[in-house]
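Engineer: This is model_22.tsv, which holds TSV, C-alpha atoms:
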```tsv
chain	number	residue	atom	x	y	z
A	1	ALA	CA	-66.14	-41.20	-32.73
A	2	TRP	CA	-68.82	-40.75	-30.07
A	3	GLN	CA	-71.38	-39.74	-32.66
A	4	ASP	CA	-70.62	-42.83	-34.76
A	5	ALA	CA	-70.92	-45.12	-31.75
A	6	GLY	CA	-74.16	-43.45	-30.74
A	7	ALA	CA	-75.63	-43.80	-34.20
A	8	MET	CA	-74.81	-47.51	-34.15
A	9	ALA	CA	-76.52	-47.93	-30.77
A	10	CYS	CA	-79.65	-46.10	-31.85
A	11	ALA	CA	-79.78	-47.96	-35.15
A	12	GLY	CA	-79.95	-51.21	-33.22
A	13	ALA	CA	-82.70	-50.05	-30.89
A	14	VAL	CA	-86.21	-51.41	-31.25
A	15	MET	CA	-88.99	-48.93	-30.70
A	16	GLU	CA	-91.88	-49.75	-28.38
A	17	GLY	CA	-94.37	-50.27	-31.20
A	18	GLN	CA	-92.24	-53.04	-32.69
A	19	MET	CA	-92.06	-55.05	-29.46
A	20	ALA	CA	-93.83	-58.30	-28.90
A	21	GLN	CA	-95.83	-58.63	-25.69
A	22	THR	CA	-92.93	-60.56	-24.23
A	23	ILE	CA	-89.38	-60.89	-25.49
A	24	PRO	CA	-88.12	-64.45	-25.08
A	25	GLY	CA	-84.43	-65.33	-25.00
A	26	GLY	CA	-81.29	-63.23	-25.05
A	27	PRO	CA	-80.24	-60.29	-22.87
A	28	VAL	CA	-82.57	-57.29	-22.96
A	29	VAL	CA	-82.25	-53.65	-21.89
A	30	LEU	CA	-85.34	-51.45	-21.73
A	31	TRP	CA	-84.50	-47.74	-22.01
A	32	CYS	CA	-87.15	-45.33	-20.77
A	33	GLU	CA	-86.23	-41.72	-21.57
A	34	ILE	CA	-87.87	-39.17	-23.81
A	35	LYS	CA	-84.75	-38.42	-25.85
A	36	PRO	CA	-81.64	-40.43	-24.93
A	37	VAL	CA	-78.23	-38.95	-25.79
A	38	PRO	CA	-76.81	-41.35	-28.41
A	39	ALA	CA	-73.21	-41.26	-27.13
A	40	LYS	CA	-74.36	-41.86	-23.54
A	41	GLN	CA	-76.61	-44.69	-24.69
A	42	ALA	CA	-73.77	-46.37	-26.56
A	43	GLU	CA	-71.48	-46.17	-23.54
A	44	VAL	CA	-74.07	-47.63	-21.19
A	45	MET	CA	-74.96	-50.46	-23.56
A	46	GLN	CA	-71.32	-51.38	-23.98
A	47	ALA	CA	-70.83	-51.53	-20.22
A	48	LEU	CA	-73.98	-53.59	-19.65
A	49	SER	CA	-72.71	-56.25	-22.02
A	50	GLY	CA	-70.48	-57.18	-19.07
A	51	CYS	CA	-73.61	-58.49	-17.34
A	52	TYR	CA	-73.99	-61.07	-20.10
A	53	ASP	CA	-70.49	-62.42	-20.72
A	54	GLY	CA	-69.77	-59.75	-23.29
A	55	ILE	CA	-72.95	-60.32	-25.31
A	56	ARG	CA	-74.46	-56.98	-26.31
A	57	PRO	CA	-78.08	-56.82	-25.08
A	58	GLN	CA	-80.96	-56.05	-27.39
A	59	LEU	CA	-82.16	-52.47	-26.75
A	60	TYR	CA	-85.83	-51.49	-26.57
A	61	HIS	CA	-86.89	-47.86	-26.19
A	62	PHE	CA	-89.89	-46.36	-24.38
A	63	PRO	CA	-90.17	-42.57	-24.75
A	64	THR	CA	-92.32	-42.15	-21.62
A	65	PRO	CA	-92.92	-43.95	-18.30
A	66	ALA	CA	-96.60	-44.32	-19.25
A	67	ARG	CA	-95.68	-46.45	-22.24
A	68	PHE	CA	-93.27	-48.52	-20.19
A	69	THR	CA	-96.02	-49.06	-17.61
A	70	ARG	CA	-98.48	-50.25	-20.26
A	71	TRP	CA	-95.94	-52.78	-21.47
A	72	LEU	CA	-95.02	-53.88	-17.93
A	73	PHE	CA	-98.65	-54.55	-17.04
A	74	GLU	CA	-98.88	-56.99	-19.97
A	75	GLN	CA	-95.99	-59.09	-18.65
A	76	PRO	CA	-96.28	-62.14	-16.37
A	77	ARG	CA	-95.70	-61.41	-12.68
A	78	GLY	CA	-95.35	-63.57	-9.63
A	79	ASP	CA	-93.18	-66.68	-9.68
A	80	VAL	CA	-91.19	-65.53	-12.72
A	81	ASN	CA	-87.51	-65.01	-13.45
A	82	PRO	CA	-86.66	-61.35	-14.15
A	83	TRP	CA	-85.10	-61.10	-17.60
A	84	ALA	CA	-84.58	-57.40	-18.40
A	85	LEU	CA	-82.67	-54.39	-17.10
A	86	LEU	CA	-84.43	-51.02	-17.02
A	87	VAL	CA	-82.42	-47.86	-17.75
A	88	VAL	CA	-84.07	-44.50	-17.06
A	89	GLY	CA	-83.30	-40.82	-16.82
A	90	TRP	CA	-83.89	-38.98	-13.56
A	91	ARG	CA	-87.17	-37.53	-14.85
A	92	GLU	CA	-88.46	-41.03	-15.61
A	93	ALA	CA	-87.13	-42.71	-12.45
A	94	LYS	CA	-89.93	-42.03	-9.97
A	95	PRO	CA	-92.91	-42.95	-12.21
A	96	SER	CA	-91.05	-46.06	-13.39
A	97	ALA	CA	-90.40	-47.14	-9.80
A	98	MET	CA	-94.07	-46.57	-8.98
A	99	ALA	CA	-95.06	-48.76	-11.93
A	100	LEU	CA	-92.78	-51.53	-10.72
A	101	GLY	CA	-94.22	-51.25	-7.22
A	102	ALA	CA	-97.75	-51.43	-8.59
A	103	ALA	CA	-96.93	-54.53	-10.63
A	104	ARG	CA	-95.58	-56.23	-7.51
A	105	THR	CA	-98.34	-55.26	-5.07
A	106	GLY	CA	-101.33	-54.96	-7.39
A	107	ASP	CA	-102.07	-51.50	-5.95
A	108	THR	CA	-102.34	-49.00	-8.83
A	109	SER	CA	-103.80	-46.14	-6.79
A	110	SER	CA	-100.56	-44.13	-6.90
A	111	LEU	CA	-100.30	-44.20	-10.70
A	112	ARG	CA	-101.55	-41.42	-12.92
A	113	PRO	CA	-104.83	-42.17	-14.73
A	114	ASP	CA	-104.23	-43.79	-18.12
A	115	ALA	CA	-107.16	-45.09	-20.14
A	116	ARG	CA	-104.78	-47.07	-22.36
A	117	ARG	CA	-103.08	-48.91	-19.50
A	118	PRO	CA	-104.19	-52.57	-19.34
A	119	GLN	CA	-105.16	-54.42	-16.22
A	120	LEU	CA	-102.41	-56.32	-14.42
A	121	LEU	CA	-102.18	-60.01	-15.17
A	122	PRO	CA	-103.02	-62.41	-12.32
A	123	ILE	CA	-100.08	-63.58	-10.22
A	124	THR	CA	-98.54	-66.77	-11.57
A	125	GLY	CA	-97.33	-69.64	-9.44
A	126	ASN	CA	-96.78	-69.31	-5.70
A	127	PRO	CA	-94.05	-66.75	-5.11
A	128	ALA	CA	-92.46	-67.50	-1.74
A	129	ASN	CA	-91.24	-64.09	-0.66
A	130	LYS	CA	-92.35	-61.45	-3.14
A	131	VAL	CA	-93.93	-61.01	-6.54
A	132	HIS	CA	-91.35	-60.71	-9.30
A	133	THR	CA	-91.71	-58.91	-12.61
A	134	ALA	CA	-89.75	-58.89	-15.87
A	135	ILE	CA	-87.36	-56.26	-14.46
A	136	GLU	CA	-84.22	-57.41	-12.68
A	137	SER	CA	-82.73	-54.01	-11.73
A	138	MET	CA	-83.23	-50.33	-12.52
A	139	ILE	CA	-80.37	-48.03	-13.54
A	140	ILE	CA	-80.64	-44.23	-13.40
A	141	VAL	CA	-78.27	-42.43	-15.77
A	142	LEU	CA	-77.61	-38.85	-14.70
A	143	GLU	CA	-76.65	-35.99	-17.00
A	144	LYS	CA	-76.39	-33.25	-14.38
A	145	PRO	CA	-73.86	-33.81	-11.56
A	146	GLU	CA	-75.70	-31.33	-9.32
A	147	HIS	CA	-78.53	-33.86	-8.98
A	148	GLU	CA	-76.25	-36.64	-7.79
A	149	ASP	CA	-76.68	-36.42	-4.00
A	150	ARG	CA	-80.46	-36.09	-4.21
A	151	VAL	CA	-80.79	-38.99	-6.65
A	152	LEU	CA	-78.52	-41.26	-4.62
A	153	GLN	CA	-80.55	-40.55	-1.50
A	154	TRP	CA	-83.81	-41.31	-3.28
A	155	ALA	CA	-82.48	-44.49	-4.93
A	156	GLN	CA	-81.23	-45.95	-1.66
A	157	ASP	CA	-84.33	-45.04	0.33
A	158	ALA	CA	-87.72	-44.23	-1.21
A	159	GLY	CA	-86.90	-45.55	-4.67
A	160	ARG	CA	-85.77	-48.96	-3.54
A	161	THR	CA	-88.72	-49.26	-1.17
A	162	THR	CA	-91.19	-48.29	-3.87
A	163	ALA	CA	-89.82	-50.52	-6.62
A	164	SER	CA	-88.74	-53.36	-4.29
A	165	LEU	CA	-85.57	-53.96	-6.26
A	166	ASP	CA	-82.02	-52.61	-6.55
A	167	ILE	CA	-81.72	-49.15	-8.10
A	168	HIS	CA	-78.27	-48.16	-9.35
A	169	VAL	CA	-77.15	-44.60	-10.10
A	170	VAL	CA	-74.64	-44.00	-12.89
A	171	THR	CA	-72.76	-40.73	-12.99
A	172	ASP	CA	-69.46	-41.73	-14.63
A	173	GLN	CA	-67.53	-44.62	-16.19
A	174	ALA	CA	-66.38	-46.03	-12.86
A	175	SER	CA	-69.93	-46.35	-11.50
A	176	LEU	CA	-71.04	-47.75	-14.83
A	177	ASP	CA	-68.49	-50.53	-14.49
A	178	ASN	CA	-69.57	-51.10	-10.88
A	179	VAL	CA	-73.17	-51.59	-12.00
A	180	ALA	CA	-72.30	-54.62	-14.11
A	181	GLU	CA	-70.33	-56.14	-11.23
A	182	SER	CA	-73.18	-55.43	-8.80
A	183	ILE	CA	-75.82	-57.04	-10.99
A	184	ILE	CA	-73.72	-60.18	-11.48
A	185	ALA	CA	-73.04	-60.37	-7.73
A	186	ALA	CA	-76.76	-59.99	-6.96
A	187	ARG	CA	-77.58	-62.90	-9.27
A	188	ASN	CA	-75.10	-65.11	-7.46
A	189	ALA	CA	-75.91	-63.99	-3.91
A	190	GLU	CA	-78.16	-65.99	-1.63
A	191	VAL	CA	-79.25	-62.80	0.14
A	192	PRO	CA	-80.17	-59.38	-1.33
A	193	PHE	CA	-77.07	-57.63	-2.60
A	194	THR	CA	-76.50	-53.96	-1.81
A	195	PRO	CA	-74.83	-52.30	-4.82
A	196	PRO	CA	-71.81	-50.04	-4.23
A	197	VAL	CA	-72.50	-46.36	-4.78
A	198	GLY	CA	-70.48	-45.01	-7.69
A	199	ARG	CA	-69.86	-41.43	-8.65
A	200	VAL	CA	-69.12	-41.02	-12.33
A	201	THR	CA	-69.75	-38.51	-15.15
A	202	LEU	CA	-70.47	-39.93	-18.57
A	203	SER	CA	-68.69	-38.48	-21.59
A	204	LEU	CA	-71.33	-36.64	-23.61
```
Output the structure of this file as structure tokens.

Structural biologist:
Amino acid sequence: AWQDAGAMACAGAVMEGQMAQTIPGGPVVLWCEIKPVPAKQAEVMQALSGCYDGIRPQLYHFPTPARFTRWLFEQPRGDVNPWALLVVGWREAKPSAMALGAARTGDTSSLRPDARRPQLLPITGNPANKVHTAIESMIIVLEKPEHEDRVLQWAQDAGRTTASLDIHVVTDQASLDNVAESIIAARNAEVPFTPPVGRVTLSL
């Protein structure tokens, strides 16, 4: 059953090369991981539909953080409404957070050299407090429970500071459900919302 669900999820995914520069309308999940586990991907996508009144988001896949960064740099930034969720593996988390930080600050000095990475677009509008990007929140999906404490510490401290947005850590079904609730609460809150820390292990 898991294999069938995973195959359905992957069949609906759009690869990076098929993406338009921007993706207007409808819920969107960007998945940055070299080789996602299909069953895990299906479970996460099903849970994230709770962020959109049960509507299953469109899935777009980036196999490396470098390719995600190239795409991100082509998106409007500044006084914009974030419209996508970013899901990453632990290996992809740090470089993805650095890319998000660079898009917000304009400082690309911490990024690895990439001749194919475009220049950042100019800031649009007059953002009052901080520069926004296309990404609303980042979700780290863990496969190895032994990494949990280290990843949680990074997400709540250095990761959140670097990316300047909420970073959620998913380790099981309970935390996966909490993520959807946290994202909805953050949208409705007048002040930054601190997501609850969940400890869950996905069925693989």

Engineer: For a test of reading the model, state the distance in Å between atom CA of A:Arg91 and atom CA of A:Val141, rounded to one decimal.

Structural biologist: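 Atom CA of A:Val141 lies 10.2 Å from atom CA of A:Arg91.
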
Engineer: Name the residues in contact with A:Leu121 at a cut-off of 10 Å, using only C-alpha atoms, excluding same-chain residues fewer than 4 positions from it; report them as a compact mmCIF listing (two decimals) with C-alpha atoms, in the frame of the given file.

Structural biologist:
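What ended up in selection04.txt:
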```
# COMPACT_ATOMS: atom_id res chain seq x y z
CA LEU A 72 -95.02 -53.88 -17.93
CA PHE A 73 -98.65 -54.55 -17.04
CA GLU A 74 -98.88 -56.99 -19.97
CA GLN A 75 -95.99 -59.09 -18.65
CA PRO A 76 -96.28 -62.14 -16.37
CA ARG A 77 -95.70 -61.41 -12.68
CA GLY A 78 -95.35 -63.57 -9.63
CA ALA A 103 -96.93 -54.53 -10.63
CA GLY A 106 -101.33 -54.96 -7.39
```

Engineer: Just how far from atom CA of A:Gly54 is atom CA of A:His132, in Å to one decimal?

Structural biologist: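 For atom CA of A:His132 relative to atom CA of A:Gly54, the distance reads 25.7 Å.
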
Engineer: Can you measure atom CA of A:Gly101 to atom CA of A:Ala163 for me? One decimal in Å is fine.

Structural biologist: 4.5 Å

Engineer: From the set A:Gln153, A:Thr133, A:Thr171, A:Asn126, which residue has the shortest atom-to-atom contact distance to A:Leu100, counting all atoms listed in the file?

Structural biologist: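 Closest to A:Leu100, using all atoms listed in the file: A:Thr133.
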
Engineer: With a distance cut-off of 12 Å and all atoms listed in the file, select the neighbouring residues of A:Ala115, excluding the residue or stretch itself and same-chain residues fewer than 6 positions from it, and output the selection as a PyMOL selection string.

Structural biologist: chain A and resi 66-67+70

Engineer: Identify which of the residues A:Leu48, A:Glu143, A:Arg150, A:Trp71 lies closest to A:Leu120, counting all atoms listed in the file when measuring atom-to-atom distances.

Structural biologist: A:Trp71

Engineer: Which residues of stretch 52-72 of chain A come within 10 Å of stretch 80-85 of chain A, and for each one, what is the closest pair of atoms and their distance in Å to one decimal, counting all atoms listed in the file, sorted by chain and residue number, as a tab-separated table?

Structural biologist:
```
residue	atom	partner	partner_atom	distance
A:Pro57	CA	A:Ala84	CA	9.3
A:Gln58	CA	A:Ala84	CA	9.8
A:Leu59	CA	A:Leu85	CA	9.9
```

Engineer: Distance cut-off 12 Å, centre (-82.5, -55.7, -19.4) in file coordinates, counting all atoms listed in the file: which residues qualify? Return them as an NGL selection string.

Structural biologist: :A and (23-32 or 44-45 or 48-49 or 51-52 or 56-61 or 82-88 or 133-139 or 180 or 183)

Engineer: Measuring atom to atom with only C-alpha atoms, identify which of A:Ala185, A:Met98, A:Ala93, A:Ala128 is nearest to A:Leu111.

Structural biologist: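 The closest residue to A:Leu111 is A:Met98.
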
Engineer: For A:Ile34, work out the shell of residues within 9 Å, counting all atoms listed in the file and skipping chain neighbours fewer than 4 positions away, then give it as a PDB file with C-alpha atoms, keeping the file's coordinate frame.

Structural biologist:
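Saved result, result.pdb, follows:
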```
ATOM      1  CA  PHE A  62     -89.890 -46.360 -24.380  1.00  0.00           C
ATOM      2  CA  PRO A  63     -90.170 -42.570 -24.750  1.00  0.00           C
ATOM      3  CA  THR A  64     -92.320 -42.150 -21.620  1.00  0.00           C
ATOM      4  CA  PRO A  65     -92.920 -43.950 -18.300  1.00  0.00           C
ATOM      5  CA  GLY A  89     -83.300 -40.820 -16.820  1.00  0.00           C
ATOM      6  CA  GLU A  92     -88.460 -41.030 -15.610  1.00  0.00           C
TER       7      GLU A  92
END
```

Engineer: From the set A:Pro113, A:Leu165, A:Val37, A:Trp90, which residue has the shortest atom-to-atom contact distance to A:Glu146, counting all atoms listed in the file?

Structural biologist: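 Among A:Pro113, A:Leu165, A:Val37, A:Trp90, it is A:Trp90 that comes nearest to A:Glu146.
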
Engineer: Between A:Pro127, A:Arg112, A:His168, A:Asp107, which has the minimum distance to A:Leu152 (counting all atoms listed in the file)?

Structural biologist: A:His168

Engineer: Within 10 Å of (-79.9, -40.8, -5.7) (file coordinates; all atoms listed in the file), which protein or nucleic acid residues are there? I'd like them as a list in words.

Structural biologist: Trp90, Ile140, Leu142, His147, Glu148, Asp149, Arg150, Val151, Leu152, Gln153, Trp154, Ala155, Gln156, Asp157, Ala158, Gly159, Ile167, His168, Val169, Val170 and Val197 of chain A
